[in-house]
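Raw contents of model25.txt, compact mmCIF, C-alpha atoms:
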# COMPACT_ATOMS: atom_id res chain seq x y z
CA VAL A 6 -45.94 101.26 -47.10
CA GLN A 7 -48.65 98.66 -47.28
CA LEU A 8 -49.56 96.24 -50.04
CA GLN A 9 -52.52 94.03 -49.32
CA ALA A 10 -53.47 91.23 -51.67
CA SER A 11 -56.89 89.61 -51.68
CA GLY A 12 -59.14 87.46 -53.82
CA GLY A 13 -57.48 84.10 -53.46
CA GLY A 14 -59.34 80.90 -52.79
CA LEU A 15 -60.01 77.35 -53.86
CA VAL A 16 -60.97 76.78 -57.49
CA GLN A 17 -61.20 73.80 -59.79
CA ALA A 18 -58.81 73.35 -62.68
CA GLY A 19 -59.97 75.39 -65.64
CA GLY A 20 -61.57 77.99 -63.43
CA SER A 21 -60.84 81.66 -62.91
CA LEU A 22 -59.95 84.01 -60.10
CA ARG A 23 -59.29 87.73 -59.87
CA LEU A 24 -56.72 88.92 -57.39
CA SER A 25 -56.58 92.48 -56.13
CA CYS A 26 -53.82 94.38 -54.38
CA THR A 27 -54.44 97.71 -52.72
CA ALA A 28 -51.52 100.02 -51.95
CA SER A 29 -50.97 102.78 -49.43
CA GLY A 30 -48.13 104.79 -48.00
CA PHE A 31 -46.52 105.79 -51.29
CA THR A 32 -47.40 107.53 -54.55
CA PHE A 33 -48.83 104.56 -56.38
CA ARG A 34 -48.86 106.09 -59.86
CA ASN A 35 -45.07 106.56 -59.71
CA TYR A 36 -44.34 102.86 -59.23
CA GLY A 37 -44.33 99.87 -61.46
CA MET A 38 -46.20 96.93 -59.98
CA GLY A 39 -45.84 93.20 -60.16
CA TRP A 40 -47.26 89.90 -59.03
CA PHE A 41 -45.17 87.03 -57.73
CA ARG A 42 -46.03 83.60 -56.40
CA GLN A 43 -44.46 81.02 -54.15
CA ALA A 44 -45.50 77.41 -54.04
CA PRO A 45 -44.67 75.13 -51.09
CA GLY A 46 -41.05 74.08 -51.17
CA LYS A 47 -40.25 76.35 -54.11
CA GLU A 48 -38.65 79.74 -54.52
CA ARG A 49 -40.69 82.83 -55.23
CA GLU A 50 -41.20 83.36 -58.93
CA PHE A 51 -42.21 86.27 -61.10
CA VAL A 52 -45.71 86.14 -62.56
CA ALA A 53 -46.45 89.49 -64.20
CA SER A 54 -45.56 93.17 -64.14
CA ILE A 55 -47.08 96.41 -65.33
CA ASN A 56 -45.52 99.83 -65.78
CA LEU A 57 -46.63 103.15 -64.30
CA GLY A 58 -49.28 103.97 -66.88
CA GLY A 59 -50.35 100.42 -67.55
CA GLY A 60 -49.26 100.35 -71.16
CA ILE A 61 -46.40 97.90 -70.79
CA ARG A 62 -47.08 94.45 -69.37
CA ASP A 63 -44.81 91.49 -68.99
CA TYR A 64 -45.66 87.88 -68.14
CA ALA A 65 -43.83 84.76 -67.15
CA ASP A 66 -44.04 82.10 -69.84
CA PRO A 67 -46.18 79.66 -67.78
CA VAL A 68 -49.00 82.22 -67.46
CA LYS A 69 -48.90 83.94 -70.85
CA GLY A 70 -52.28 83.88 -72.50
CA ARG A 71 -54.02 82.85 -69.27
CA PHE A 72 -53.33 85.71 -66.84
CA THR A 73 -53.84 89.46 -67.30
CA ILE A 74 -52.37 92.18 -65.10
CA SER A 75 -54.00 95.59 -64.88
CA ARG A 76 -53.98 98.62 -62.61
CA ASP A 77 -56.23 101.46 -61.55
CA ASN A 78 -54.15 104.43 -60.41
CA ALA A 79 -57.25 106.24 -59.15
CA LYS A 80 -57.88 103.37 -56.74
CA ASN A 81 -54.22 102.61 -55.92
CA ALA A 82 -54.84 99.06 -57.00
CA VAL A 83 -53.34 96.39 -59.20
CA TYR A 84 -55.18 93.29 -60.35
CA LEU A 85 -54.39 89.84 -61.68
CA GLN A 86 -57.10 88.14 -63.69
CA MET A 87 -56.30 84.44 -63.79
CA GLY A 88 -57.99 82.04 -66.18
CA SER A 89 -57.64 78.43 -67.28
CA LEU A 90 -56.14 77.71 -63.90
CA ARG A 91 -54.04 74.60 -63.42
CA PRO A 92 -53.02 72.72 -60.28
CA GLU A 93 -49.45 73.96 -60.81
CA ASP A 94 -50.73 77.53 -60.34
CA THR A 95 -51.31 76.72 -56.67
CA ALA A 96 -49.25 79.16 -54.60
CA VAL A 97 -49.31 82.21 -52.38
CA TYR A 98 -49.60 85.23 -54.65
CA SER A 99 -48.13 88.58 -53.57
CA CYS A 100 -47.89 91.99 -55.15
CA ALA A 101 -44.82 94.20 -55.20
CA ALA A 102 -43.83 97.75 -56.16
CA ARG A 103 -40.72 99.16 -57.85
CA ARG A 104 -39.24 102.47 -58.97
CA GLY A 105 -36.46 101.05 -61.10
CA LYS A 106 -35.62 97.56 -62.24
CA GLU A 107 -35.78 95.98 -58.82
CA PHE A 108 -38.89 95.57 -56.70
CA ASN A 109 -38.62 97.57 -53.50
CA TRP A 110 -41.65 96.64 -51.45
CA TRP A 111 -43.60 93.45 -50.99
CA GLY A 112 -46.98 92.75 -49.52
CA GLN A 113 -48.59 89.85 -47.75
CA GLY A 114 -49.93 87.27 -50.07
CA THR A 115 -53.18 85.53 -50.78
CA GLN A 116 -53.48 81.77 -51.17
CA VAL A 117 -54.63 80.34 -54.47
CA THR A 118 -55.38 76.62 -54.56
CA VAL A 119 -56.34 74.88 -57.78
CA SER A 120 -57.79 71.41 -57.47
CA SER A 121 -57.55 68.82 -60.22
In structure tokens, what does this structure look like?
Amino acid sequence: VQLQASGGGLVQAGGSLRLSCTASGFTFRNYGMGWFRQAPGKEREFVASINLGGGIRDYADPVKGRFTISRDNAKNAVYLQMGSLRPEDTAVYSCAARRGKEFNWWGQGTQVTVSS
């Protein structure tokens, strides 16, 4: 199983970034997907999730209305469109996969840094 996130970088406050996560080693369309982030000195926190078909999405309160999660089952990919970025969004962002309620597999993250 491999989950590889990309698309991070340095952006000014108010800017946008689009993260991508490509999956391999499992049947992607059978798994719910999620994005998590971890800032320095803090615990990992949930950002967003999307169900198998993409019709059900869930967001953490701090990112509601600013971030959008989507997936492309034909490409085995999940995306996180981030807008109106704030310095407090600075973190390493990782994607994860789950069959049930709990996430089973985690990938390496991509650094997002938002300057003020």
*A:Val83: which residues within 8 Å, counting only C-alpha atoms, same-chain residues fewer than 2 positions away excluded, as JSON, numbers by chain?*
{"A": [25, 26, 27, 38, 74, 75, 76, 77, 81, 85]}
*asked:* List the spatial neighbours of A:Glu93 as a list in words - criterion: any atom at most 8 Å away, all atoms listed in the file, same-chain residues fewer than 2 positions off excluded.
replied: Arg91, Thr95 and Val119 of chain A
*What is the distance, in Å and to one decimal place, between atom CA of A:Gln86 and atom CA of A:Phe108?*
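Atom CA of A:Gln86 sits 20.9 Å away from atom CA of A:Phe108.
Proximity to stretch 10-20 of chain A at 6 Å, evaluated using only C-alpha atoms and with sequence-adjacent residues fewer than 2 positions away removed, yields Leu24, Ser25, Cys26, Ser89, Leu90, Arg91, Gly114, Thr115, Gln116, Val117, Thr118, Val119, Ser120 and Ser121 of chain A.
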*What residues have an atom no more than 8 Å from (-53.7, 80.6, -65.3) in the file's own frame, counting only C-alpha atoms, and can you write them as number ranges by chain?*
A: 21, 67-68, 71-72, 87-91, 94
*Could you check which of A:Thr32, A:Gly39, A:Gly46, A:Lys80 is closest to A:Arg62, using only C-alpha atoms?*
A:Gly39
_If we count all atoms listed in the file and set the cut-off at 6 Å, which residues sit around stretch 50-61 of chain A, ignoring sequence neighbours fewer than 5 positions away in its own chain? Please answer as a count of residues only._
9
_Just the number, please: distance in Å from atom CA of A:Ala82 to atom CA of A:Gly105, one decimal._
18.9 Å
At most 9 Å from (-41.9, 92.6, -48.8), file frame, all atoms listed in the file: which residues, as an mmCIF file with C-alpha atoms, in the coordinates of the input?
data_model
loop_
_atom_site.group_PDB
_atom_site.id
_atom_site.type_symbol
_atom_site.label_atom_id
_atom_site.label_comp_id
_atom_site.auth_asym_id
_atom_site.auth_seq_id
_atom_site.Cartn_x
_atom_site.Cartn_y
_atom_site.Cartn_z
ATOM 1 C CA LEU A 8 -49.560 96.240 -50.040
ATOM 2 C CA SER A 99 -48.130 88.580 -53.570
ATOM 3 C CA CYS A 100 -47.890 91.990 -55.150
ATOM 4 C CA ALA A 101 -44.820 94.200 -55.200
ATOM 5 C CA PHE A 108 -38.890 95.570 -56.700
ATOM 6 C CA ASN A 109 -38.620 97.570 -53.500
ATOM 7 C CA TRP A 110 -41.650 96.640 -51.450
ATOM 8 C CA TRP A 111 -43.600 93.450 -50.990
ATOM 9 C CA GLY A 112 -46.980 92.750 -49.520
ATOM 10 C CA GLN A 113 -48.590 89.850 -47.750
#
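Reported to one decimal place, the separation of atom CA of A:Lys47 from atom CA of A:Ala96 is 9.4 Å.
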*Counting all atoms listed in the file, which of A:Gln9, A:Asn78, A:Val97, A:Arg103 gets nearest to A:Phe33?*
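Nearest to A:Phe33: A:Asn78.
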